[in-house]
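Shown next: coords-v3.txt, given as compact mmCIF, C-alpha atoms and all ligand atoms.
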# COMPACT_ATOMS: atom_id res chain seq x y z
CA MET A 139 -66.24 -91.76 96.99
CA ALA A 140 -68.59 -90.05 99.42
CA LEU A 141 -68.90 -87.13 97.07
CA PHE A 142 -69.77 -89.39 94.19
CA LYS A 143 -72.58 -91.07 96.10
CA LYS A 144 -74.03 -87.78 97.23
CA MET A 145 -74.06 -86.37 93.74
CA ASP A 146 -75.41 -89.07 91.56
CA ASN A 147 -76.55 -91.98 93.68
CA ILE A 148 -79.75 -92.86 91.82
CA GLU A 149 -78.36 -92.38 88.35
CA ASP A 150 -75.22 -94.33 89.27
CA ASP A 151 -77.06 -97.39 90.46
CA GLN A 152 -79.02 -97.45 87.21
CA ASN A 153 -75.83 -97.11 85.20
CA GLN A 154 -74.18 -99.89 87.09
CA GLU A 155 -77.09 -102.22 86.45
CA GLN A 156 -77.00 -101.42 82.74
CA LEU A 157 -73.31 -102.12 82.38
CA ASN A 158 -72.13 -105.65 81.93
CA GLY A 159 -68.86 -106.70 83.45
CA GLU A 160 -66.68 -105.05 86.01
CA VAL A 161 -67.39 -101.39 86.83
CA GLU A 162 -65.33 -99.32 89.22
CA LYS A 163 -66.18 -95.80 90.33
CA VAL A 164 -63.51 -93.21 90.96
CA LYS A 165 -63.43 -89.49 91.61
CA VAL A 166 -60.62 -88.63 89.26
CA LEU A 167 -59.40 -90.81 86.43
CA ILE A 168 -56.16 -89.84 84.70
CA ILE A 169 -55.37 -91.46 81.37
CA GLY A 170 -51.76 -91.33 80.25
CA SER A 171 -48.48 -91.27 82.12
CA GLY A 172 -46.16 -88.68 80.61
CA PRO A 173 -45.12 -85.45 82.38
CA ALA A 174 -48.70 -84.13 82.08
CA GLY A 175 -50.37 -87.21 83.56
CA TYR A 176 -47.91 -87.62 86.43
CA THR A 177 -48.04 -83.93 87.34
CA ALA A 178 -51.84 -84.03 87.31
CA ALA A 179 -51.59 -87.10 89.55
CA ILE A 180 -49.23 -85.41 92.02
CA TYR A 181 -51.56 -82.42 92.38
CA ALA A 182 -54.77 -84.47 92.46
CA ALA A 183 -53.34 -86.89 95.03
CA ARG A 184 -52.14 -84.05 97.26
CA ALA A 185 -55.66 -82.58 97.05
CA ASN A 186 -56.92 -85.90 98.41
CA LEU A 187 -58.84 -86.75 95.24
CA LYS A 188 -57.44 -90.31 95.25
CA PRO A 189 -56.64 -90.32 91.54
CA VAL A 190 -56.48 -93.54 89.56
CA MET A 191 -54.08 -93.44 86.64
CA TYR A 192 -53.83 -95.78 83.68
CA GLU A 193 -50.38 -95.63 82.17
CA GLY A 194 -51.28 -96.52 78.59
CA MET A 195 -49.31 -98.36 75.96
CA GLU A 196 -46.04 -96.57 76.68
CA PRO A 197 -45.70 -96.09 80.47
CA GLY A 198 -43.86 -92.84 81.05
CA GLY A 199 -44.77 -91.54 77.61
CA GLN A 200 -42.52 -90.18 74.91
CA LEU A 201 -39.72 -89.21 77.28
CA THR A 202 -39.00 -92.87 77.89
CA THR A 203 -37.83 -93.04 74.29
CA THR A 204 -35.45 -90.12 74.59
CA THR A 205 -31.93 -89.90 76.01
CA ASP A 206 -30.68 -86.73 77.69
CA VAL A 207 -33.24 -84.16 78.74
CA GLU A 208 -31.23 -80.98 79.12
CA ASN A 209 -33.97 -78.38 79.15
CA TYR A 210 -36.11 -79.44 82.11
CA PRO A 211 -35.53 -76.94 84.95
CA GLY A 212 -34.03 -78.40 88.10
CA TYR A 213 -31.62 -80.79 86.40
CA PRO A 214 -28.53 -78.67 85.76
CA GLN A 215 -26.55 -81.66 84.49
CA GLY A 216 -29.47 -83.04 82.46
CA ILE A 217 -31.22 -86.33 83.13
CA GLN A 218 -32.10 -89.42 81.12
CA GLY A 219 -35.76 -89.33 79.99
CA PRO A 220 -36.68 -92.77 81.43
CA ASN A 221 -35.10 -91.88 84.80
CA MET A 222 -36.98 -88.61 84.93
CA MET A 223 -40.29 -90.36 84.28
CA GLU A 224 -39.53 -92.94 86.97
CA GLU A 225 -39.01 -90.09 89.43
CA PHE A 226 -42.29 -88.46 88.34
CA LYS A 227 -44.03 -91.78 88.93
CA GLN A 228 -42.51 -92.25 92.38
CA GLN A 229 -43.59 -88.73 93.33
CA ALA A 230 -47.16 -89.41 92.14
CA GLU A 231 -47.28 -92.69 94.06
CA ARG A 232 -45.82 -91.13 97.19
CA PHE A 233 -48.99 -89.06 97.59
CA GLY A 234 -51.30 -91.98 96.95
CA THR A 235 -51.93 -92.10 93.20
CA ASP A 236 -53.11 -95.54 92.17
CA VAL A 237 -50.92 -96.07 89.09
CA ARG A 238 -52.05 -99.02 87.00
CA PHE A 239 -50.89 -100.69 83.82
CA GLY A 240 -53.60 -100.65 81.17
CA LEU A 241 -54.76 -98.97 78.00
CA ALA A 242 -57.94 -96.92 77.60
CA THR A 243 -59.58 -98.57 74.60
CA ALA A 244 -63.00 -96.86 74.52
CA ALA A 245 -64.84 -93.97 76.14
CA ASP A 246 -68.47 -93.03 76.65
CA LEU A 247 -68.68 -89.35 77.44
CA SER A 248 -72.38 -89.05 76.58
CA GLN A 249 -73.35 -88.76 80.24
CA ARG A 250 -71.81 -88.23 83.64
CA PRO A 251 -70.16 -90.01 85.31
CA TYR A 252 -67.97 -90.60 82.29
CA THR A 253 -67.12 -94.18 81.41
CA VAL A 254 -63.74 -95.32 80.13
CA THR A 255 -63.04 -98.91 79.11
CA ILE A 256 -59.63 -100.32 79.94
CA ASP A 257 -58.09 -103.08 77.81
CA ASP A 258 -61.49 -103.73 76.18
CA LYS A 259 -62.93 -105.18 79.39
CA LYS A 260 -62.81 -103.22 82.63
CA GLN A 261 -65.01 -100.13 82.89
CA ILE A 262 -64.21 -97.16 85.06
CA GLN A 263 -66.72 -94.44 85.86
CA ALA A 264 -65.20 -91.11 86.81
CA ASP A 265 -66.61 -87.87 88.18
CA ALA A 266 -63.74 -86.04 86.56
CA LEU A 267 -61.61 -87.23 83.69
CA ILE A 268 -58.12 -85.94 82.96
CA ILE A 269 -56.89 -86.84 79.49
CA ALA A 270 -53.10 -86.89 79.22
CA THR A 271 -52.73 -89.43 76.43
CA GLY A 272 -49.99 -87.54 74.58
CA ALA A 273 -49.08 -88.10 70.97
CA SER A 274 -47.53 -90.95 68.97
CA ALA A 275 -44.86 -91.06 66.31
CA LYS A 276 -46.02 -90.63 62.72
CA TYR A 277 -45.01 -92.93 59.88
CA LEU A 278 -44.78 -92.10 56.18
CA GLY A 279 -47.52 -94.56 55.28
CA LEU A 280 -45.53 -96.57 52.74
CA GLU A 281 -46.34 -100.23 52.27
CA SER A 282 -42.65 -101.15 52.38
CA GLU A 283 -42.22 -99.18 55.61
CA ASP A 284 -45.00 -101.20 57.21
CA LYS A 285 -43.56 -104.44 55.90
CA PHE A 286 -40.20 -103.85 57.62
CA LYS A 287 -41.49 -102.45 60.92
CA GLY A 288 -39.42 -104.14 63.60
CA MET A 289 -37.07 -105.47 60.91
CA GLY A 290 -35.10 -102.28 60.42
CA VAL A 291 -37.90 -99.68 60.46
CA SER A 292 -38.30 -97.92 63.79
CA ALA A 293 -39.63 -94.65 65.22
CA CYS A 294 -37.36 -94.74 68.23
CA ALA A 295 -33.59 -94.52 67.82
CA THR A 296 -32.94 -94.68 71.54
CA CYS A 297 -34.95 -97.90 71.79
CA ASP A 298 -33.53 -99.65 68.74
CA GLY A 299 -30.31 -97.85 67.81
CA PHE A 300 -28.15 -100.35 69.64
CA PHE A 301 -29.12 -103.06 67.14
CA TYR A 302 -27.40 -101.08 64.37
CA LYS A 303 -24.04 -100.66 66.06
CA ASN A 304 -21.30 -99.86 63.50
CA GLN A 305 -23.83 -100.05 60.65
CA ASP A 306 -25.18 -97.40 58.26
CA VAL A 307 -28.65 -96.04 59.05
CA ALA A 308 -31.05 -93.29 57.93
CA VAL A 309 -33.27 -90.87 59.84
CA VAL A 310 -36.20 -89.13 58.14
CA GLY A 311 -37.13 -85.60 59.18
CA GLY A 312 -35.60 -82.20 59.74
CA GLY A 313 -36.95 -81.20 63.16
CA ASP A 314 -35.50 -81.44 66.65
CA SER A 315 -36.52 -85.08 66.95
CA ALA A 316 -34.72 -86.01 63.74
CA ALA A 317 -31.63 -84.07 64.84
CA GLU A 318 -31.69 -85.74 68.24
CA GLU A 319 -32.14 -89.21 66.77
CA ALA A 320 -29.38 -88.61 64.20
CA LEU A 321 -26.98 -87.41 66.91
CA TYR A 322 -27.79 -90.38 69.11
CA LEU A 323 -27.30 -92.83 66.25
CA ALA A 324 -24.07 -91.11 65.18
CA GLY A 325 -22.58 -92.18 68.50
CA ILE A 326 -23.37 -95.83 67.84
CA CYS A 327 -23.47 -96.31 64.09
CA ASN A 328 -20.90 -96.03 61.35
CA LYS A 329 -22.81 -93.49 59.25
CA VAL A 330 -26.12 -91.68 59.59
CA TYR A 331 -28.03 -90.23 56.65
CA MET A 332 -30.58 -87.57 57.51
CA ILE A 333 -33.26 -87.56 54.83
CA HIS A 334 -35.00 -84.21 54.61
CA ARG A 335 -37.58 -83.05 52.10
CA ARG A 336 -36.45 -79.41 52.04
CA ASP A 337 -33.19 -77.47 51.83
CA GLN A 338 -33.38 -76.19 55.41
CA LEU A 339 -33.76 -77.93 58.76
CA ARG A 340 -36.64 -77.09 61.07
CA ALA A 341 -34.62 -78.05 64.16
CA SER A 342 -33.51 -75.42 66.69
CA GLN A 343 -30.23 -73.61 65.99
CA ILE A 344 -28.26 -75.45 68.65
CA MET A 345 -29.38 -78.86 67.38
CA GLN A 346 -28.60 -77.87 63.79
CA GLU A 347 -25.10 -76.86 64.78
CA ARG A 348 -24.53 -80.15 66.56
CA VAL A 349 -25.70 -82.05 63.49
CA PHE A 350 -23.52 -80.01 61.13
CA GLN A 351 -20.50 -80.58 63.35
CA THR A 352 -20.92 -84.35 63.52
CA GLU A 353 -18.69 -85.93 60.92
CA ASN A 354 -20.60 -89.16 60.35
CA ILE A 355 -23.96 -87.45 59.71
CA GLU A 356 -24.71 -86.65 56.08
CA ILE A 357 -27.84 -84.68 55.23
CA LEU A 358 -29.62 -85.68 52.05
CA TRP A 359 -31.44 -82.46 51.19
CA ASN A 360 -34.57 -82.13 49.06
CA SER A 361 -35.17 -85.86 49.20
CA GLU A 362 -38.28 -87.91 49.87
CA THR A 363 -38.50 -91.60 50.62
CA LYS A 364 -40.10 -93.57 47.82
CA GLU A 365 -39.56 -97.05 49.17
CA VAL A 366 -37.83 -98.94 51.93
CA LEU A 367 -35.79 -101.74 50.36
CA GLY A 368 -35.14 -105.06 52.02
CA ASP A 369 -35.07 -108.83 51.96
CA GLN A 370 -36.07 -111.64 54.31
CA ASP A 371 -33.51 -110.46 56.88
CA GLY A 372 -34.79 -106.89 57.00
CA VAL A 373 -33.97 -103.46 55.60
CA THR A 374 -31.11 -103.20 53.11
CA GLY A 375 -31.61 -99.69 51.77
CA VAL A 376 -33.89 -96.81 50.86
CA ARG A 377 -35.01 -95.52 47.47
CA LEU A 378 -35.14 -91.74 47.44
CA LYS A 379 -36.50 -89.18 45.07
CA LYS A 380 -35.02 -85.71 44.77
CA ASN A 381 -37.32 -82.75 44.26
CA SER A 382 -35.82 -82.57 40.74
CA GLY A 383 -37.33 -86.02 40.05
CA GLU A 384 -34.04 -87.92 40.12
CA GLU A 385 -34.18 -91.22 42.02
CA TYR A 386 -31.29 -92.79 43.91
CA ASP A 387 -30.70 -95.54 46.48
CA ILE A 388 -28.70 -95.59 49.69
CA ASN A 389 -27.57 -98.72 51.52
CA VAL A 390 -28.72 -98.79 55.15
CA THR A 391 -29.85 -101.46 57.57
CA GLY A 392 -31.86 -99.17 59.86
CA PHE A 393 -34.56 -96.67 58.85
CA PHE A 394 -35.73 -94.33 61.62
CA LEU A 395 -38.80 -92.09 61.41
CA ALA A 396 -38.73 -88.71 63.14
CA ILE A 397 -41.40 -86.75 61.27
CA GLY A 398 -43.62 -85.63 64.11
CA HIS A 399 -46.48 -87.03 66.10
CA LYS A 400 -50.22 -87.65 66.09
CA PRO A 401 -52.30 -86.86 69.18
CA ASN A 402 -53.79 -89.94 70.88
CA SER A 403 -57.36 -88.73 70.94
CA ASP A 404 -59.20 -91.24 68.72
CA ILE A 405 -61.37 -92.73 71.48
CA PHE A 406 -62.77 -89.28 72.28
CA GLN A 407 -63.82 -88.49 68.70
CA GLY A 408 -67.45 -87.39 68.55
CA TYR A 409 -67.47 -86.22 72.18
CA LEU A 410 -64.71 -83.66 72.38
CA GLU A 411 -63.98 -80.74 70.10
CA MET A 412 -60.71 -81.23 68.25
CA ASP A 413 -58.75 -79.53 65.49
CA ASP A 414 -58.24 -81.13 62.07
CA THR A 415 -55.24 -83.16 63.28
CA GLY A 416 -57.04 -84.48 66.36
CA TYR A 417 -55.58 -82.18 69.03
CA ILE A 418 -58.24 -81.73 71.73
CA LYS A 419 -59.43 -78.14 72.03
CA THR A 420 -59.29 -76.57 75.46
CA GLU A 421 -60.62 -73.22 76.62
CA PRO A 422 -57.81 -70.67 76.35
CA GLY A 423 -55.87 -70.40 79.59
CA SER A 424 -57.38 -73.56 81.07
CA THR A 425 -57.61 -77.31 80.53
CA HIS A 426 -61.42 -77.35 80.22
CA THR A 427 -62.70 -79.18 77.16
CA ASN A 428 -66.19 -78.65 75.74
CA LEU A 429 -67.53 -81.20 78.29
CA GLU A 430 -67.75 -80.24 81.94
CA GLY A 431 -65.58 -82.42 84.12
CA VAL A 432 -63.34 -83.49 81.23
CA PHE A 433 -59.90 -81.89 81.16
CA ALA A 434 -57.08 -82.30 78.66
CA CYS A 435 -53.40 -81.63 79.26
CA GLY A 436 -50.03 -82.28 77.67
CA ASP A 437 -49.33 -83.06 74.04
CA VAL A 438 -52.84 -84.34 73.27
CA GLN A 439 -54.01 -80.71 73.41
CA ASP A 440 -50.81 -78.89 72.50
CA SER A 441 -49.70 -78.77 68.89
CA ILE A 442 -47.39 -75.82 69.50
CA TYR A 443 -45.04 -76.19 72.48
CA ARG A 444 -44.97 -79.97 73.09
CA GLN A 445 -42.28 -79.78 75.75
CA ALA A 446 -42.00 -81.84 78.92
CA VAL A 447 -42.12 -78.71 81.04
CA THR A 448 -45.18 -77.26 79.30
CA ALA A 449 -46.89 -80.65 79.52
CA ALA A 450 -46.14 -80.82 83.25
CA GLY A 451 -47.49 -77.28 83.69
CA SER A 452 -50.72 -78.14 81.94
CA GLY A 453 -51.02 -81.33 84.03
CA CYS A 454 -50.90 -79.17 87.14
CA LYS A 455 -53.62 -76.94 85.68
CA ALA A 456 -55.80 -79.97 84.85
CA ALA A 457 -55.66 -81.23 88.43
CA LEU A 458 -56.48 -77.78 89.82
CA ASP A 459 -59.34 -77.41 87.32
CA ALA A 460 -60.65 -80.87 88.27
CA GLU A 461 -60.42 -80.09 91.98
CA ARG A 462 -62.35 -76.83 91.58
CA TYR A 463 -64.95 -78.55 89.42
CA LEU A 464 -65.51 -81.34 91.97
CA SER A 465 -65.72 -78.88 94.89
CA LYS A 466 -68.31 -76.86 93.00
CA LYS A 467 -70.32 -79.99 92.23
CA GLU A 468 -70.14 -81.13 95.84
CA PHE A 469 -71.29 -77.70 97.04
CA GLU A 470 -74.20 -77.70 94.56
CA ALA A 471 -75.23 -81.23 95.60
CA LYS A 472 -75.15 -80.21 99.28
CA LYS A 473 -77.28 -77.12 98.61
CA ALA A 474 -79.78 -79.16 96.58
CA ALA A 475 -80.05 -81.75 99.38
CA GLU A 476 -80.62 -79.01 101.97
CA LYS A 477 -83.32 -77.39 99.84
CA GLU A 478 -85.07 -80.72 99.33
CA LYS A 479 -84.99 -81.39 103.07
CA ALA A 480 -86.40 -77.92 103.83
CA GLU A 481 -89.23 -78.41 101.35
CA LYS A 482 -90.38 -81.69 102.91
P1 LIG B 501 -41.52 -81.31 63.93
O1 LIG B 501 -42.92 -81.15 63.49
O2 LIG B 501 -40.83 -80.13 64.54
O3 LIG B 501 -40.63 -81.77 62.68
C1 LIG B 501 -41.05 -82.80 61.83
C2 LIG B 501 -40.04 -82.92 60.69
O4 LIG B 501 -40.44 -84.00 59.86
C3 LIG B 501 -40.02 -81.67 59.82
O5 LIG B 501 -38.69 -81.40 59.43
C4 LIG B 501 -40.88 -82.07 58.64
O6 LIG B 501 -40.47 -81.48 57.42
C5 LIG B 501 -40.64 -83.55 58.55
N1 LIG B 501 -41.81 -84.25 57.98
C6 LIG B 501 -43.08 -84.21 58.42
N2 LIG B 501 -43.89 -85.02 57.69
C7 LIG B 501 -43.08 -85.55 56.75
C8 LIG B 501 -43.30 -86.45 55.68
N3 LIG B 501 -44.51 -86.97 55.43
N4 LIG B 501 -42.24 -86.79 54.90
C9 LIG B 501 -41.02 -86.29 55.15
N5 LIG B 501 -40.73 -85.44 56.14
C10 LIG B 501 -41.75 -85.07 56.94
O7 LIG B 501 -41.52 -82.57 64.90
P2 LIG B 501 -40.43 -83.00 65.97
O8 LIG B 501 -40.91 -84.30 66.42
O9 LIG B 501 -39.07 -82.92 65.43
O10 LIG B 501 -40.55 -81.93 67.14
C11 LIG B 501 -41.80 -81.68 67.77
C12 LIG B 501 -41.62 -80.63 68.87
O11 LIG B 501 -40.85 -81.17 69.93
C13 LIG B 501 -40.88 -79.39 68.39
O12 LIG B 501 -41.44 -78.28 69.03
C14 LIG B 501 -39.47 -79.63 68.86
O13 LIG B 501 -38.77 -78.42 69.05
C15 LIG B 501 -39.68 -80.39 70.15
N6 LIG B 501 -38.54 -81.25 70.45
C16 LIG B 501 -37.56 -80.78 71.27
C17 LIG B 501 -36.46 -81.55 71.58
C18 LIG B 501 -35.40 -80.99 72.46
O14 LIG B 501 -35.50 -79.82 72.82
N7 LIG B 501 -34.41 -81.73 72.86
C19 LIG B 501 -36.28 -82.90 71.04
C20 LIG B 501 -37.37 -83.31 70.17
C21 LIG B 501 -38.44 -82.49 69.90
P3 LIG B 501 -40.64 -79.89 57.17
O15 LIG B 501 -39.58 -79.25 57.99
O16 LIG B 501 -40.42 -79.78 55.70
O17 LIG B 501 -42.01 -79.56 57.59

Please rewrite the model in this file as structure tokens.
Amino acid sequence: MALFKKMDNIEDDQNQEQLNGEVEKVKVLIIGSGPAGYTAAIYAARANLKPVMYEGMEPGGQLTTTTDVENYPGYPQGIQGPNMMEEFKQQAERFGTDVRFGLATAADLSQRPYTVTIDDKKQIQADALIIATGASAKYLGLESEDKFKGMGVSACATCDGFFYKNQDVAVVGGGDSAAEEALYLAGICNKVYMIHRRDQLRASQIMQERVFQTENIEILWNSETKEVLGDQDGVTGVRLKKNSGEEYDINVTGFFLAIGHKPNSDIFQGYLEMDDTGYIKTEPGSTHTNLEGVFACGDVQDSIYRQAVTAAGSGCKAALDAERYLSKKEFEAKKAAEKEKAEK
């Protein structure tokens, strides 16, 4: 806090007067609570930056919707995604991170300190902002899919699979997520159809092999979803179209999407440079965005690797980048104050 006052005291007071409602000032604000956000929090807290973190809509991030995480170093037997995120959170809190429930609903990055609105009401002003908002599941965009959301249509097998015990279900996609969801559902459901638009899976070799070896998974190759079928009780089937043009129906009660993700960067549009999909651009080898004092880490800036371990690594970098930025600013403010004093 002391640093903040030294740097921008006059400007801050003006800002505060202009803003209606509750305004809180913090040194470091972290938005998002996946591996990137929590790791940034651990590093920022240990650097005594007293980070405040808002967890977002899905506390713990995407890993809370997964089952076994087998590829995160340090867990030789694997660990459940939600448990791992709980441990990340405890570690962040142990060093003093103020972890809060709330969603960043707007941002004003036109001037420093940067202002982020939480849940459409509370405003937080931050000297440094770490964006770790991750990415969200994509849907096909069909009207029928929307109609049956929560009534058989889901983007999270581990959350909702249990409801389809011993029933027939479908998973759309051919990547690692689709393979993982299909394998998970195969352990609960009677039959799992994997609907894939090509004749080859995108999933890693090991996941493909597991899918091929699972008896109750059937892959429907070269097929696209035309419509989700249903009645007042929910999903009853799916109408598919083969690349040849032939249409056919399958009977399922659950329809699971696993076709990738969209970065959660909408509130920063117009301020931060992004690619066509909305992934925030960072300077190569760092987490610096095009705005000084704004750092991005994890899946919101990574369209390539998107792994828990790479997200955690970039969260560490974001905290280190923020710490160096704040130290530099503090040093500059001190020098400016000394010069002003000498000139008087
Ligand atoms: P991917 O982008 O890898 O795969 C998306 C899949 O959905 C592709 O097969 C794609 O088809 C298909 N698809 C995309 N859009 C549509 C559409 N409109 N209609 C029909 N099908 C569509 O995303 P994932 O979420 O699977 O994986 C993301 C990253 O996370 C990857 O790097 C993956 O390796 C990683 N991951 C790792 C896991 C693990 O290690 N346990 C688990 C889950 C993910 P097409 O192939 O034709 O493009």

Contacts with ligand LIG 501 (chain B) at most 8 Å, all atoms listed in the file counted, listed as a ChimeraX atom specification: /A:206-209,275-278,310-318,333-336,338-342,345,362-363,396-399,442-445

What would the file look like if the residues just selected were written as a JSON list (two decimals), in the coordinates of the input with C-alpha atoms?
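Dumped everything to part_20.json:
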[["chain", "number", "residue", "atom", "x", "y", "z"],
["A", 206, "ASP", "CA", -30.68, -86.73, 77.69],
["A", 207, "VAL", "CA", -33.24, -84.16, 78.74],
["A", 208, "GLU", "CA", -31.23, -80.98, 79.12],
["A", 209, "ASN", "CA", -33.97, -78.38, 79.15],
["A", 275, "ALA", "CA", -44.86, -91.06, 66.31],
["A", 276, "LYS", "CA", -46.02, -90.63, 62.72],
["A", 277, "TYR", "CA", -45.01, -92.93, 59.88],
["A", 278, "LEU", "CA", -44.78, -92.10, 56.18],
["A", 310, "VAL", "CA", -36.20, -89.13, 58.14],
["A", 311, "GLY", "CA", -37.13, -85.60, 59.18],
["A", 312, "GLY", "CA", -35.60, -82.20, 59.74],
["A", 313, "GLY", "CA", -36.95, -81.20, 63.16],
["A", 314, "ASP", "CA", -35.50, -81.44, 66.65],
["A", 315, "SER", "CA", -36.52, -85.08, 66.95],
["A", 316, "ALA", "CA", -34.72, -86.01, 63.74],
["A", 317, "ALA", "CA", -31.63, -84.07, 64.84],
["A", 318, "GLU", "CA", -31.69, -85.74, 68.24],
["A", 333, "ILE", "CA", -33.26, -87.56, 54.83],
["A", 334, "HIS", "CA", -35.00, -84.21, 54.61],
["A", 335, "ARG", "CA", -37.58, -83.05, 52.10],
["A", 336, "ARG", "CA", -36.45, -79.41, 52.04],
["A", 338, "GLN", "CA", -33.38, -76.19, 55.41],
["A", 339, "LEU", "CA", -33.76, -77.93, 58.76],
["A", 340, "ARG", "CA", -36.64, -77.09, 61.07],
["A", 341, "ALA", "CA", -34.62, -78.05, 64.16],
["A", 342, "SER", "CA", -33.51, -75.42, 66.69],
["A", 345, "MET", "CA", -29.38, -78.86, 67.38],
["A", 362, "GLU", "CA", -38.28, -87.91, 49.87],
["A", 363, "THR", "CA", -38.50, -91.60, 50.62],
["A", 396, "ALA", "CA", -38.73, -88.71, 63.14],
["A", 397, "ILE", "CA", -41.40, -86.75, 61.27],
["A", 398, "GLY", "CA", -43.62, -85.63, 64.11],
["A", 399, "HIS", "CA", -46.48, -87.03, 66.10],
["A", 442, "ILE", "CA", -47.39, -75.82, 69.50],
["A", 443, "TYR", "CA", -45.04, -76.19, 72.48],
["A", 444, "ARG", "CA", -44.97, -79.97, 73.09],
["A", 445, "GLN", "CA", -42.28, -79.78, 75.75]]

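Of the residues under consideration (A:Lys285, A:Thr243, A:Pro173, A:Lys455), A:Pro173 shows the shortest atom-to-atom contact distance to Gly219 of chain A when counting all atoms listed in the file.
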
Looking at A:Ala182, A:Leu321, A:Ala460, A:Ala295, which one is nearest to Gly234 of chain A, with distances taken over only C-alpha atoms? A:Ala182

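Near Thr255 of chain A, within a cut-off of 9 Å and counting only C-alpha atoms, sit the residues A:Leu241, A:Ala242, A:Thr243, A:Ala244, A:Ala245, A:Asp246, A:Gln261, A:Ile262, A:Gln263, with same-chain residues fewer than 6 positions away left out.
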
Place a sphere of radius 10 Å on (-40.3, -91.1, 73.9) in the file coordinates and name every protein, DNA or RNA residue with an atom inside or on its surface, counting all atoms listed in the file; give the answer as a CSV table (one decimal) with C-alpha atoms, in the frame of the given file.
chain,number,residue,atom,x,y,z
A,172,GLY,CA,-46.2,-88.7,80.6
A,196,GLU,CA,-46.0,-96.6,76.7
A,197,PRO,CA,-45.7,-96.1,80.5
A,198,GLY,CA,-43.9,-92.8,81.0
A,199,GLY,CA,-44.8,-91.5,77.6
A,200,GLN,CA,-42.5,-90.2,74.9
A,201,LEU,CA,-39.7,-89.2,77.3
A,202,THR,CA,-39.0,-92.9,77.9
A,203,THR,CA,-37.8,-93.0,74.3
A,204,THR,CA,-35.4,-90.1,74.6
A,205,THR,CA,-31.9,-89.9,76.0
A,219,GLY,CA,-35.8,-89.3,80.0
A,220,PRO,CA,-36.7,-92.8,81.4
A,273,ALA,CA,-49.1,-88.1,71.0
A,274,SER,CA,-47.5,-91.0,69.0
A,275,ALA,CA,-44.9,-91.1,66.3
A,293,ALA,CA,-39.6,-94.6,65.2
A,294,CYS,CA,-37.4,-94.7,68.2
A,295,ALA,CA,-33.6,-94.5,67.8
A,296,THR,CA,-32.9,-94.7,71.5
A,297,CYS,CA,-35.0,-97.9,71.8
A,315,SER,CA,-36.5,-85.1,67.0

Test item: residues at most 7 Å from Thr177 of chain A, all atoms listed in the file, excluding those fewer than 6 positions along its chain, as a list in words: Ala450, Gly453 and Cys454 of chain A

Here atom CA of Ala185 of chain A and atom CA of Ile168 of chain A stand apart by 14.3 Å
